[in-house]
$ cat final19.cif   # mmCIF, N, CA and C atoms
data_start
#
loop_
_atom_site.group_PDB
_atom_site.id
_atom_site.type_symbol
_atom_site.label_atom_id
_atom_site.label_comp_id
_atom_site.auth_asym_id
_atom_site.auth_seq_id
_atom_site.Cartn_x
_atom_site.Cartn_y
_atom_site.Cartn_z
ATOM 1 N N MET A 25 42.990 44.765 -37.074
ATOM 2 C CA MET A 25 42.846 43.439 -36.493
ATOM 3 C C MET A 25 41.449 43.290 -35.880
ATOM 4 N N LYS A 26 40.856 42.152 -36.102
ATOM 5 C CA LYS A 26 39.515 41.875 -35.582
ATOM 6 C C LYS A 26 39.581 41.501 -34.104
ATOM 7 N N ILE A 27 38.626 42.027 -33.345
ATOM 8 C CA ILE A 27 38.518 41.727 -31.909
ATOM 9 C C ILE A 27 37.496 40.608 -31.743
ATOM 10 N N VAL A 28 37.898 39.557 -31.028
ATOM 11 C CA VAL A 28 37.053 38.385 -30.847
ATOM 12 C C VAL A 28 36.778 38.162 -29.365
ATOM 13 N N TYR A 29 35.505 38.113 -29.033
ATOM 14 C CA TYR A 29 35.044 37.862 -27.665
ATOM 15 C C TYR A 29 35.019 36.352 -27.437
ATOM 16 N N VAL A 30 35.630 35.886 -26.368
ATOM 17 C CA VAL A 30 35.645 34.461 -26.042
ATOM 18 C C VAL A 30 34.544 34.191 -25.014
ATOM 19 N N ALA A 31 33.507 33.488 -25.454
ATOM 20 C CA ALA A 31 32.378 33.124 -24.587
ATOM 21 C C ALA A 31 32.523 31.651 -24.232
ATOM 22 N N ALA A 32 32.591 31.360 -22.944
ATOM 23 C CA ALA A 32 32.841 29.990 -22.510
ATOM 24 C C ALA A 32 32.370 29.810 -21.078
ATOM 25 N N PRO A 33 32.226 28.566 -20.645
ATOM 26 C CA PRO A 33 31.842 28.316 -19.253
ATOM 27 C C PRO A 33 32.824 28.961 -18.275
ATOM 28 N N TYR A 34 32.287 29.440 -17.187
ATOM 29 C CA TYR A 34 33.121 29.970 -16.103
ATOM 30 C C TYR A 34 32.737 29.314 -14.784
ATOM 31 N N SER A 35 31.492 29.451 -14.395
ATOM 32 C CA SER A 35 31.099 29.010 -13.060
ATOM 33 C C SER A 35 30.628 27.558 -12.985
ATOM 34 N N SER A 36 30.304 26.934 -14.120
ATOM 35 C CA SER A 36 29.912 25.531 -14.052
ATOM 36 C C SER A 36 31.161 24.675 -14.235
ATOM 37 N N GLY A 37 31.386 23.795 -13.280
ATOM 38 C CA GLY A 37 32.604 22.999 -13.288
ATOM 39 C C GLY A 37 33.714 23.706 -12.531
ATOM 40 N N ASP A 38 34.937 23.362 -12.847
ATOM 41 C CA ASP A 38 36.121 23.910 -12.176
ATOM 42 C C ASP A 38 36.479 25.265 -12.783
ATOM 43 N N GLN A 39 36.379 26.317 -11.984
ATOM 44 C CA GLN A 39 36.637 27.662 -12.508
ATOM 45 C C GLN A 39 38.055 27.827 -13.024
ATOM 46 N N VAL A 40 39.024 27.229 -12.358
ATOM 47 C CA VAL A 40 40.414 27.377 -12.792
ATOM 48 C C VAL A 40 40.616 26.720 -14.162
ATOM 49 N N ILE A 41 40.046 25.558 -14.357
ATOM 50 C CA ILE A 41 40.142 24.886 -15.663
ATOM 51 C C ILE A 41 39.415 25.700 -16.724
ATOM 52 N N ASN A 42 38.261 26.251 -16.375
ATOM 53 C CA ASN A 42 37.508 27.069 -17.326
ATOM 54 C C ASN A 42 38.290 28.311 -17.734
ATOM 55 N N VAL A 43 38.939 28.952 -16.769
ATOM 56 C CA VAL A 43 39.760 30.133 -17.075
ATOM 57 C C VAL A 43 40.926 29.724 -17.975
ATOM 58 N N ARG A 44 41.561 28.607 -17.642
ATOM 59 C CA ARG A 44 42.674 28.123 -18.463
ATOM 60 C C ARG A 44 42.225 27.860 -19.899
ATOM 61 N N ASN A 45 41.087 27.214 -20.064
ATOM 62 C CA ASN A 45 40.585 26.917 -21.407
ATOM 63 C C ASN A 45 40.319 28.194 -22.203
ATOM 64 N N ALA A 46 39.754 29.190 -21.549
ATOM 65 C CA ALA A 46 39.463 30.460 -22.227
ATOM 66 C C ALA A 46 40.756 31.181 -22.610
ATOM 67 N N ILE A 47 41.744 31.159 -21.716
ATOM 68 C CA ILE A 47 43.033 31.792 -22.022
ATOM 69 C C ILE A 47 43.725 31.051 -23.166
ATOM 70 N N ASN A 48 43.666 29.718 -23.149
ATOM 71 C CA ASN A 48 44.260 28.949 -24.248
ATOM 72 C C ASN A 48 43.612 29.306 -25.586
ATOM 73 N N ALA A 49 42.296 29.482 -25.589
ATOM 74 C CA ALA A 49 41.605 29.896 -26.816
ATOM 75 C C ALA A 49 42.068 31.291 -27.230
ATOM 76 N N GLY A 50 42.197 32.189 -26.263
ATOM 77 C CA GLY A 50 42.695 33.532 -26.561
ATOM 78 C C GLY A 50 44.087 33.492 -27.171
ATOM 79 N N GLU A 51 44.929 32.632 -26.658
ATOM 80 C CA GLU A 51 46.287 32.490 -27.192
ATOM 81 C C GLU A 51 46.251 31.998 -28.639
ATOM 82 N N GLU A 52 45.382 31.046 -28.935
ATOM 83 C CA GLU A 52 45.241 30.561 -30.308
ATOM 84 C C GLU A 52 44.733 31.671 -31.233
ATOM 85 N N LEU A 53 43.833 32.490 -30.716
ATOM 86 C CA LEU A 53 43.345 33.615 -31.515
ATOM 87 C C LEU A 53 44.473 34.579 -31.837
ATOM 88 N N VAL A 54 45.319 34.876 -30.854
ATOM 89 C CA VAL A 54 46.469 35.756 -31.081
ATOM 90 C C VAL A 54 47.368 35.170 -32.170
ATOM 91 N N LYS A 55 47.626 33.870 -32.085
ATOM 92 C CA LYS A 55 48.491 33.210 -33.071
ATOM 93 C C LYS A 55 47.903 33.282 -34.480
ATOM 94 N N ASN A 56 46.588 33.457 -34.554
ATOM 95 C CA ASN A 56 45.922 33.553 -35.853
ATOM 96 C C ASN A 56 45.652 34.995 -36.276
ATOM 97 N N GLY A 57 46.226 35.955 -35.548
ATOM 98 C CA GLY A 57 46.153 37.347 -35.969
ATOM 99 C C GLY A 57 44.954 38.131 -35.447
ATOM 100 N N PHE A 58 44.298 37.631 -34.391
ATOM 101 C CA PHE A 58 43.143 38.333 -33.829
ATOM 102 C C PHE A 58 43.500 38.938 -32.477
ATOM 103 N N VAL A 59 42.670 39.857 -32.024
ATOM 104 C CA VAL A 59 42.792 40.450 -30.697
ATOM 105 C C VAL A 59 41.670 39.850 -29.844
ATOM 106 N N PRO A 60 42.008 38.948 -28.928
ATOM 107 C CA PRO A 60 40.952 38.324 -28.135
ATOM 108 C C PRO A 60 40.554 39.178 -26.936
ATOM 109 N N PHE A 61 39.277 39.117 -26.612
ATOM 110 C CA PHE A 61 38.816 39.627 -25.321
ATOM 111 C C PHE A 61 38.357 38.412 -24.534
ATOM 112 N N VAL A 62 39.040 38.128 -23.434
ATOM 113 C CA VAL A 62 38.762 36.953 -22.607
ATOM 114 C C VAL A 62 38.172 37.434 -21.278
ATOM 115 N N PRO A 63 36.846 37.416 -21.142
ATOM 116 C CA PRO A 63 36.233 37.926 -19.918
ATOM 117 C C PRO A 63 36.627 37.128 -18.676
ATOM 118 N N HIS A 64 37.120 35.928 -18.855
ATOM 119 C CA HIS A 64 37.542 35.095 -17.732
ATOM 120 C C HIS A 64 38.722 35.705 -16.974
ATOM 121 N N LEU A 65 39.416 36.631 -17.604
ATOM 122 C CA LEU A 65 40.532 37.277 -16.931
ATOM 123 C C LEU A 65 40.073 38.133 -15.746
ATOM 124 N N SER A 66 38.787 38.426 -15.679
ATOM 125 C CA SER A 66 38.270 39.170 -14.522
ATOM 126 C C SER A 66 38.183 38.276 -13.281
ATOM 127 N N HIS A 67 38.535 37.008 -13.418
ATOM 128 C CA HIS A 67 38.532 36.075 -12.278
ATOM 129 C C HIS A 67 39.357 36.636 -11.114
ATOM 130 N N LEU A 68 40.555 37.125 -11.408
ATOM 131 C CA LEU A 68 41.397 37.677 -10.339
ATOM 132 C C LEU A 68 40.809 38.961 -9.773
ATOM 133 N N TRP A 69 40.234 39.784 -10.625
ATOM 134 C CA TRP A 69 39.580 41.008 -10.166
ATOM 135 C C TRP A 69 38.491 40.641 -9.166
ATOM 136 N N HIS A 70 37.704 39.626 -9.517
ATOM 137 C CA HIS A 70 36.613 39.198 -8.642
ATOM 138 C C HIS A 70 37.144 38.644 -7.311
ATOM 139 N N CYS A 71 38.294 37.985 -7.336
ATOM 140 C CA CYS A 71 38.891 37.479 -6.093
ATOM 141 C C CYS A 71 39.288 38.619 -5.161
ATOM 142 N N ILE A 72 39.720 39.728 -5.741
ATOM 143 C CA ILE A 72 40.169 40.876 -4.947
ATOM 144 C C ILE A 72 39.005 41.792 -4.578
ATOM 145 N N SER A 73 38.124 42.042 -5.531
ATOM 146 C CA SER A 73 36.970 42.920 -5.324
ATOM 147 C C SER A 73 35.714 42.226 -5.856
ATOM 148 N N PRO A 74 35.123 41.366 -5.054
ATOM 149 C CA PRO A 74 33.957 40.616 -5.527
ATOM 150 C C PRO A 74 32.779 41.521 -5.870
ATOM 151 N N HIS A 75 32.057 41.120 -6.909
ATOM 152 C CA HIS A 75 30.835 41.801 -7.320
ATOM 153 C C HIS A 75 29.767 40.756 -7.585
ATOM 154 N N GLU A 76 28.543 41.199 -7.648
ATOM 155 C CA GLU A 76 27.427 40.312 -7.967
ATOM 156 C C GLU A 76 27.522 39.849 -9.422
ATOM 157 N N TYR A 77 26.874 38.747 -9.714
ATOM 158 C CA TYR A 77 26.858 38.154 -11.053
ATOM 159 C C TYR A 77 26.444 39.177 -12.105
ATOM 160 N N ASP A 78 25.396 39.946 -11.849
ATOM 161 C CA ASP A 78 24.896 40.919 -12.828
ATOM 162 C C ASP A 78 25.925 42.001 -13.161
ATOM 163 N N PHE A 79 26.762 42.362 -12.206
ATOM 164 C CA PHE A 79 27.825 43.337 -12.469
ATOM 165 C C PHE A 79 28.727 42.829 -13.596
ATOM 166 N N TRP A 80 29.165 41.567 -13.477
ATOM 167 C CA TRP A 80 30.073 41.000 -14.473
ATOM 168 C C TRP A 80 29.374 40.831 -15.818
ATOM 169 N N ILE A 81 28.131 40.413 -15.790
ATOM 170 C CA ILE A 81 27.383 40.246 -17.037
ATOM 171 C C ILE A 81 27.245 41.591 -17.757
ATOM 172 N N ASN A 82 26.896 42.630 -17.025
ATOM 173 C CA ASN A 82 26.746 43.959 -17.635
ATOM 174 C C ASN A 82 28.073 44.471 -18.183
ATOM 175 N N LEU A 83 29.144 44.299 -17.431
ATOM 176 C CA LEU A 83 30.462 44.738 -17.881
ATOM 177 C C LEU A 83 30.859 44.000 -19.153
ATOM 178 N N ASP A 84 30.691 42.673 -19.126
ATOM 179 C CA ASP A 84 31.064 41.866 -20.291
ATOM 180 C C ASP A 84 30.220 42.202 -21.520
ATOM 181 N N THR A 85 28.960 42.520 -21.313
ATOM 182 C CA THR A 85 28.093 42.874 -22.437
ATOM 183 C C THR A 85 28.602 44.141 -23.123
ATOM 184 N N HIS A 86 29.073 45.104 -22.352
ATOM 185 C CA HIS A 86 29.625 46.328 -22.948
ATOM 186 C C HIS A 86 30.834 46.004 -23.820
ATOM 187 N N TYR A 87 31.676 45.100 -23.348
ATOM 188 C CA TYR A 87 32.831 44.685 -24.155
ATOM 189 C C TYR A 87 32.377 43.934 -25.403
ATOM 190 N N LEU A 88 31.448 43.007 -25.227
ATOM 191 C CA LEU A 88 30.964 42.202 -26.348
ATOM 192 C C LEU A 88 30.467 43.077 -27.492
ATOM 193 N N LEU A 89 29.746 44.127 -27.167
ATOM 194 C CA LEU A 89 29.168 44.990 -28.201
ATOM 195 C C LEU A 89 30.220 45.739 -29.010
ATOM 196 N N ARG A 90 31.445 45.726 -28.565
ATOM 197 C CA ARG A 90 32.533 46.384 -29.290
ATOM 198 C C ARG A 90 33.396 45.396 -30.075
ATOM 199 N N CYS A 91 33.017 44.133 -30.022
ATOM 200 C CA CYS A 91 33.802 43.093 -30.700
ATOM 201 C C CYS A 91 33.285 42.834 -32.113
ATOM 202 N N ASP A 92 34.174 42.291 -32.933
ATOM 203 C CA ASP A 92 33.841 41.982 -34.323
ATOM 204 C C ASP A 92 33.241 40.591 -34.483
ATOM 205 N N ALA A 93 33.469 39.720 -33.510
ATOM 206 C CA ALA A 93 32.968 38.347 -33.577
ATOM 207 C C ALA A 93 32.977 37.758 -32.173
ATOM 208 N N LEU A 94 32.280 36.638 -32.033
ATOM 209 C CA LEU A 94 32.243 35.902 -30.774
ATOM 210 C C LEU A 94 32.641 34.460 -31.048
ATOM 211 N N LEU A 95 33.530 33.929 -30.231
ATOM 212 C CA LEU A 95 33.900 32.520 -30.271
ATOM 213 C C LEU A 95 33.258 31.842 -29.073
ATOM 214 N N ARG A 96 32.382 30.862 -29.336
ATOM 215 C CA ARG A 96 31.708 30.123 -28.251
ATOM 216 C C ARG A 96 32.424 28.802 -28.060
ATOM 217 N N LEU A 97 33.051 28.646 -26.902
ATOM 218 C CA LEU A 97 33.713 27.393 -26.567
ATOM 219 C C LEU A 97 32.679 26.407 -26.033
ATOM 220 N N PRO A 98 32.972 25.098 -26.128
ATOM 221 C CA PRO A 98 32.020 24.089 -25.663
ATOM 222 C C PRO A 98 31.816 24.123 -24.151
ATOM 223 N N GLY A 99 30.657 23.626 -23.738
ATOM 224 C CA GLY A 99 30.363 23.476 -22.325
ATOM 225 C C GLY A 99 29.111 24.222 -21.926
ATOM 226 N N GLU A 100 28.473 23.699 -20.908
ATOM 227 C CA GLU A 100 27.238 24.308 -20.405
ATOM 228 C C GLU A 100 27.552 25.634 -19.731
ATOM 229 N N SER A 101 26.838 26.670 -20.152
ATOM 230 C CA SER A 101 27.047 27.993 -19.567
ATOM 231 C C SER A 101 25.874 28.903 -19.885
ATOM 232 N N ARG A 102 25.145 29.255 -18.852
ATOM 233 C CA ARG A 102 24.034 30.198 -19.010
ATOM 234 C C ARG A 102 24.546 31.548 -19.501
ATOM 235 N N GLY A 103 25.668 32.002 -18.940
ATOM 236 C CA GLY A 103 26.232 33.295 -19.329
ATOM 237 C C GLY A 103 26.699 33.311 -20.777
ATOM 238 N N ALA A 104 27.431 32.274 -21.191
ATOM 239 C CA ALA A 104 27.922 32.214 -22.573
ATOM 240 C C ALA A 104 26.760 32.082 -23.550
ATOM 241 N N ASP A 105 25.728 31.319 -23.178
ATOM 242 C CA ASP A 105 24.551 31.207 -24.051
ATOM 243 C C ASP A 105 23.866 32.558 -24.213
ATOM 244 N N SER A 106 23.821 33.317 -23.128
ATOM 245 C CA SER A 106 23.233 34.657 -23.182
ATOM 246 C C SER A 106 24.076 35.581 -24.070
ATOM 247 N N GLU A 107 25.396 35.451 -23.991
ATOM 248 C CA GLU A 107 26.284 36.265 -24.824
ATOM 249 C C GLU A 107 26.096 35.929 -26.304
ATOM 250 N N VAL A 108 25.906 34.646 -26.605
ATOM 251 C CA VAL A 108 25.630 34.248 -27.988
ATOM 252 C C VAL A 108 24.332 34.907 -28.467
ATOM 253 N N ALA A 109 23.305 34.876 -27.629
ATOM 254 C CA ALA A 109 22.016 35.480 -28.003
ATOM 255 C C ALA A 109 22.164 36.975 -28.264
ATOM 256 N N ILE A 110 22.930 37.659 -27.432
ATOM 257 C CA ILE A 110 23.159 39.097 -27.628
ATOM 258 C C ILE A 110 23.907 39.331 -28.936
ATOM 259 N N ALA A 111 24.938 38.522 -29.185
ATOM 260 C CA ALA A 111 25.705 38.680 -30.428
ATOM 261 C C ALA A 111 24.806 38.497 -31.648
ATOM 262 N N ILE A 112 23.972 37.467 -31.622
ATOM 263 C CA ILE A 112 23.070 37.224 -32.747
ATOM 264 C C ILE A 112 22.112 38.402 -32.935
ATOM 265 N N GLU A 113 21.570 38.887 -31.832
ATOM 266 C CA GLU A 113 20.643 40.028 -31.889
ATOM 267 C C GLU A 113 21.316 41.262 -32.476
ATOM 268 N N LYS A 114 22.582 41.452 -32.188
ATOM 269 C CA LYS A 114 23.321 42.637 -32.645
ATOM 270 C C LYS A 114 24.110 42.384 -33.933
ATOM 271 N N TRP A 115 23.864 41.269 -34.582
ATOM 272 C CA TRP A 115 24.492 40.926 -35.854
ATOM 273 C C TRP A 115 26.007 40.763 -35.739
ATOM 274 N N ILE A 116 26.468 40.328 -34.592
ATOM 275 C CA ILE A 116 27.883 40.018 -34.398
ATOM 276 C C ILE A 116 28.051 38.539 -34.746
ATOM 277 N N PRO A 117 28.920 38.210 -35.694
ATOM 278 C CA PRO A 117 29.080 36.807 -36.090
ATOM 279 C C PRO A 117 29.504 35.923 -34.917
ATOM 280 N N VAL A 118 28.918 34.733 -34.858
ATOM 281 C CA VAL A 118 29.206 33.752 -33.808
ATOM 282 C C VAL A 118 29.858 32.538 -34.460
ATOM 283 N N TYR A 119 30.954 32.094 -33.874
ATOM 284 C CA TYR A 119 31.678 30.922 -34.366
ATOM 285 C C TYR A 119 31.830 29.925 -33.220
ATOM 286 N N TYR A 120 31.912 28.644 -33.581
ATOM 287 C CA TYR A 120 31.978 27.584 -32.583
ATOM 288 C C TYR A 120 33.301 26.828 -32.614
ATOM 289 N N SER A 121 34.240 27.281 -33.414
ATOM 290 C CA SER A 121 35.593 26.722 -33.411
ATOM 291 C C SER A 121 36.535 27.778 -33.985
ATOM 292 N N ILE A 122 37.791 27.664 -33.637
ATOM 293 C CA ILE A 122 38.772 28.617 -34.152
ATOM 294 C C ILE A 122 38.965 28.448 -35.660
ATOM 295 N N PRO A 123 39.046 27.206 -36.172
ATOM 296 C CA PRO A 123 39.159 27.092 -37.631
ATOM 297 C C PRO A 123 37.973 27.727 -38.367
ATOM 298 N N GLU A 124 36.766 27.537 -37.848
ATOM 299 C CA GLU A 124 35.578 28.151 -38.453
ATOM 300 C C GLU A 124 35.687 29.668 -38.407
ATOM 301 N N LEU A 125 36.149 30.211 -37.284
ATOM 302 C CA LEU A 125 36.305 31.652 -37.131
ATOM 303 C C LEU A 125 37.350 32.194 -38.098
ATOM 304 N N VAL A 126 38.493 31.522 -38.176
ATOM 305 C CA VAL A 126 39.567 31.967 -39.076
ATOM 306 C C VAL A 126 39.047 32.007 -40.511
ATOM 307 N N GLU A 127 38.352 30.950 -40.917
ATOM 308 C CA GLU A 127 37.819 30.914 -42.275
ATOM 309 C C GLU A 127 36.766 31.994 -42.485
ATOM 310 N N GLY A 128 35.864 32.152 -41.542
ATOM 311 C CA GLY A 128 34.791 33.128 -41.683
ATOM 312 C C GLY A 128 35.271 34.556 -41.687
ATOM 313 N N LEU A 129 36.231 34.883 -40.845
ATOM 314 C CA LEU A 129 36.707 36.265 -40.775
ATOM 315 C C LEU A 129 37.748 36.584 -41.835
ATOM 316 N N SER A 130 38.362 35.566 -42.419
ATOM 317 C CA SER A 130 39.327 35.840 -43.477
ATOM 318 C C SER A 130 38.630 36.221 -44.772
ATOM 319 N N GLU A 131 37.326 35.953 -44.846
ATOM 320 C CA GLU A 131 36.551 36.313 -46.039
ATOM 321 C C GLU A 131 36.226 37.804 -46.071
ATOM 322 N N ASP A 132 36.378 38.481 -44.938
ATOM 323 C CA ASP A 132 36.054 39.927 -44.865
ATOM 324 C C ASP A 132 37.090 40.752 -45.575
#
$ encode --input "final19.cif" --output "structure tokens"
Amino acid sequence: MKIVYVAAPYSSGDQVINVRNAINAGEELVKNGFVPFVPHLSHLWHCISPHEYDFWINLDTHYLLRCDALLRLPGESRGADSEVAIAIEKWIPVYYSIPELVEGLSED
């Protein structure tokens, strides 16, 4: 099963809505036979044990490098844009919708 990193807004706008949107995307990925990695799930970890922004970025980058693809959800996000750039640099396919991802990864 392919592992898909969900890159999406977190801190711009309502964080709870952003987390919900990322989880909903992860659920759709599961329904389509993928294993999602949703970095937004660290929201609760951060509430209990806060860390600086760079801590989360570094942690997420380690996860991203182990994924087979990246799904970029809509919305302004410096972090998600940076994750897209890393994926492109490391030749990890980037998709901008679940249907596009399903079609692109089913060709493998």
$ residues_around --input "final19.cif" --residues "Gly50 (chain A)" --least-positions-apart "6" --cutoff "10 Å" --atoms "only C-alpha atoms" --output "list in words"
Val28, Tyr29, Val30, Arg44, Asn56, Phe58, Val59, Pro60, Phe61, Val62, Leu95 and Ile122 of chain A
$ write_last_selection --input "final19.cif" --atoms "N, CA and C atoms" --output "CSV table (one decimal), keeping the file's coordinate frame"
chain,number,residue,atom,x,y,z
A,28,VAL,N,37.9,39.6,-31.0
A,28,VAL,CA,37.1,38.4,-30.8
A,28,VAL,C,36.8,38.2,-29.4
A,29,TYR,N,35.5,38.1,-29.0
A,29,TYR,CA,35.0,37.9,-27.7
A,29,TYR,C,35.0,36.4,-27.4
A,30,VAL,N,35.6,35.9,-26.4
A,30,VAL,CA,35.6,34.5,-26.0
A,30,VAL,C,34.5,34.2,-25.0
A,44,ARG,N,41.6,28.6,-17.6
A,44,ARG,CA,42.7,28.1,-18.5
A,44,ARG,C,42.2,27.9,-19.9
A,56,ASN,N,46.6,33.5,-34.6
A,56,ASN,CA,45.9,33.6,-35.9
A,56,ASN,C,45.7,35.0,-36.3
A,58,PHE,N,44.3,37.6,-34.4
A,58,PHE,CA,43.1,38.3,-33.8
A,58,PHE,C,43.5,38.9,-32.5
A,59,VAL,N,42.7,39.9,-32.0
A,59,VAL,CA,42.8,40.4,-30.7
A,59,VAL,C,41.7,39.8,-29.8
A,60,PRO,N,42.0,38.9,-28.9
A,60,PRO,CA,41.0,38.3,-28.1
A,60,PRO,C,40.6,39.2,-26.9
A,61,PHE,N,39.3,39.1,-26.6
A,61,PHE,CA,38.8,39.6,-25.3
A,61,PHE,C,38.4,38.4,-24.5
A,62,VAL,N,39.0,38.1,-23.4
A,62,VAL,CA,38.8,37.0,-22.6
A,62,VAL,C,38.2,37.4,-21.3
A,95,LEU,N,33.5,33.9,-30.2
A,95,LEU,CA,33.9,32.5,-30.3
A,95,LEU,C,33.3,31.8,-29.1
A,122,ILE,N,37.8,27.7,-33.6
A,122,ILE,CA,38.8,28.6,-34.2
A,122,ILE,C,39.0,28.4,-35.7
$ resolve_selection --input "final19.cif" --expression "the PyMOL selection byres ((chain A and resi 36) around 8)" --output "list in words"
Ala32, Pro33, Tyr34, Ser35, Gly37, Asp38, Gln39, Asn42, Gly99, Glu100, Ser101 and Arg102 of chain A
$ select_by_dssp --input "final19.cif" --residues "region 32-106 of chain A" --states "alpha helix (DSSP H)" --output "JSON, numbers by chain"
{"A": [39, 40, 41, 42, 43, 44, 45, 46, 47, 48, 49, 50, 51, 52, 53, 54, 55, 66, 67, 68, 69, 70, 71, 72, 77, 78, 79, 80, 81, 82, 83, 84, 85, 86, 87, 88, 102, 103, 104, 105, 106]}
$ atom_distance --input "final19.cif" --atom1 "atom N of His86 (chain A)" --atom2 "atom C of Ala111 (chain A)"
12.2 Å
$ axis_aligned_box --input "final19.cif" --around "region 50-62 of chain A" --padding-each-side "4 Å" --output "AutoDock Vina command-line options"
--center_x 43.3 --center_y 35.5 --center_z -28.8 --size_x 18.3 --size_y 17.9 --size_z 23.0
$ atom_distance --input "final19.cif" --atom1 "atom C of Val54 (chain A)" --atom2 "atom N of Leu97 (chain A)"
16.6 Å
$ resolve_selection --input "final19.cif" --expression "the PyMOL selection byres (((chain A and resi 67-82 and name CA) around 12) and name CA)" --output "PyMOL selection string"
chain A and resi 31+34-35+39-44+46-47+62-66+83-89+102-107+110
$ write_last_selection --input "final19.cif" --atoms "N, CA and C atoms" --output "mmCIF file, keeping the file's coordinate frame"
data_model
loop_
_atom_site.group_PDB
_atom_site.id
_atom_site.type_symbol
_atom_site.label_atom_id
_atom_site.label_comp_id
_atom_site.auth_asym_id
_atom_site.auth_seq_id
_atom_site.Cartn_x
_atom_site.Cartn_y
_atom_site.Cartn_z
ATOM 1 N N ALA A 31 33.507 33.488 -25.454
ATOM 2 C CA ALA A 31 32.378 33.124 -24.587
ATOM 3 C C ALA A 31 32.523 31.651 -24.232
ATOM 4 N N TYR A 34 32.287 29.440 -17.187
ATOM 5 C CA TYR A 34 33.121 29.970 -16.103
ATOM 6 C C TYR A 34 32.737 29.314 -14.784
ATOM 7 N N SER A 35 31.492 29.451 -14.395
ATOM 8 C CA SER A 35 31.099 29.010 -13.060
ATOM 9 C C SER A 35 30.628 27.558 -12.985
ATOM 10 N N GLN A 39 36.379 26.317 -11.984
ATOM 11 C CA GLN A 39 36.637 27.662 -12.508
ATOM 12 C C GLN A 39 38.055 27.827 -13.024
ATOM 13 N N VAL A 40 39.024 27.229 -12.358
ATOM 14 C CA VAL A 40 40.414 27.377 -12.792
ATOM 15 C C VAL A 40 40.616 26.720 -14.162
ATOM 16 N N ILE A 41 40.046 25.558 -14.357
ATOM 17 C CA ILE A 41 40.142 24.886 -15.663
ATOM 18 C C ILE A 41 39.415 25.700 -16.724
ATOM 19 N N ASN A 42 38.261 26.251 -16.375
ATOM 20 C CA ASN A 42 37.508 27.069 -17.326
ATOM 21 C C ASN A 42 38.290 28.311 -17.734
ATOM 22 N N VAL A 43 38.939 28.952 -16.769
ATOM 23 C CA VAL A 43 39.760 30.133 -17.075
ATOM 24 C C VAL A 43 40.926 29.724 -17.975
ATOM 25 N N ARG A 44 41.561 28.607 -17.642
ATOM 26 C CA ARG A 44 42.674 28.123 -18.463
ATOM 27 C C ARG A 44 42.225 27.860 -19.899
ATOM 28 N N ALA A 46 39.754 29.190 -21.549
ATOM 29 C CA ALA A 46 39.463 30.460 -22.227
ATOM 30 C C ALA A 46 40.756 31.181 -22.610
ATOM 31 N N ILE A 47 41.744 31.159 -21.716
ATOM 32 C CA ILE A 47 43.033 31.792 -22.022
ATOM 33 C C ILE A 47 43.725 31.051 -23.166
ATOM 34 N N VAL A 62 39.040 38.128 -23.434
ATOM 35 C CA VAL A 62 38.762 36.953 -22.607
ATOM 36 C C VAL A 62 38.172 37.434 -21.278
ATOM 37 N N PRO A 63 36.846 37.416 -21.142
ATOM 38 C CA PRO A 63 36.233 37.926 -19.918
ATOM 39 C C PRO A 63 36.627 37.128 -18.676
ATOM 40 N N HIS A 64 37.120 35.928 -18.855
ATOM 41 C CA HIS A 64 37.542 35.095 -17.732
ATOM 42 C C HIS A 64 38.722 35.705 -16.974
ATOM 43 N N LEU A 65 39.416 36.631 -17.604
ATOM 44 C CA LEU A 65 40.532 37.277 -16.931
ATOM 45 C C LEU A 65 40.073 38.133 -15.746
ATOM 46 N N SER A 66 38.787 38.426 -15.679
ATOM 47 C CA SER A 66 38.270 39.170 -14.522
ATOM 48 C C SER A 66 38.183 38.276 -13.281
ATOM 49 N N LEU A 83 29.144 44.299 -17.431
ATOM 50 C CA LEU A 83 30.462 44.738 -17.881
ATOM 51 C C LEU A 83 30.859 44.000 -19.153
ATOM 52 N N ASP A 84 30.691 42.673 -19.126
ATOM 53 C CA ASP A 84 31.064 41.866 -20.291
ATOM 54 C C ASP A 84 30.220 42.202 -21.520
ATOM 55 N N THR A 85 28.960 42.520 -21.313
ATOM 56 C CA THR A 85 28.093 42.874 -22.437
ATOM 57 C C THR A 85 28.602 44.141 -23.123
ATOM 58 N N HIS A 86 29.073 45.104 -22.352
ATOM 59 C CA HIS A 86 29.625 46.328 -22.948
ATOM 60 C C HIS A 86 30.834 46.004 -23.820
ATOM 61 N N TYR A 87 31.676 45.100 -23.348
ATOM 62 C CA TYR A 87 32.831 44.685 -24.155
ATOM 63 C C TYR A 87 32.377 43.934 -25.403
ATOM 64 N N LEU A 88 31.448 43.007 -25.227
ATOM 65 C CA LEU A 88 30.964 42.202 -26.348
ATOM 66 C C LEU A 88 30.467 43.077 -27.492
ATOM 67 N N LEU A 89 29.746 44.127 -27.167
ATOM 68 C CA LEU A 89 29.168 44.990 -28.201
ATOM 69 C C LEU A 89 30.220 45.739 -29.010
ATOM 70 N N ARG A 102 25.145 29.255 -18.852
ATOM 71 C CA ARG A 102 24.034 30.198 -19.010
ATOM 72 C C ARG A 102 24.546 31.548 -19.501
ATOM 73 N N GLY A 103 25.668 32.002 -18.940
ATOM 74 C CA GLY A 103 26.232 33.295 -19.329
ATOM 75 C C GLY A 103 26.699 33.311 -20.777
ATOM 76 N N ALA A 104 27.431 32.274 -21.191
ATOM 77 C CA ALA A 104 27.922 32.214 -22.573
ATOM 78 C C ALA A 104 26.760 32.082 -23.550
ATOM 79 N N ASP A 105 25.728 31.319 -23.178
ATOM 80 C CA ASP A 105 24.551 31.207 -24.051
ATOM 81 C C ASP A 105 23.866 32.558 -24.213
ATOM 82 N N SER A 106 23.821 33.317 -23.128
ATOM 83 C CA SER A 106 23.233 34.657 -23.182
ATOM 84 C C SER A 106 24.076 35.581 -24.070
ATOM 85 N N GLU A 107 25.396 35.451 -23.991
ATOM 86 C CA GLU A 107 26.284 36.265 -24.824
ATOM 87 C C GLU A 107 26.096 35.929 -26.304
ATOM 88 N N ILE A 110 22.930 37.659 -27.432
ATOM 89 C CA ILE A 110 23.159 39.097 -27.628
ATOM 90 C C ILE A 110 23.907 39.331 -28.936
#
$ atom_distance --input "final19.cif" --atom1 "atom N of Trp115 (chain A)" --atom2 "atom N of Lys55 (chain A)"
25.0 Å
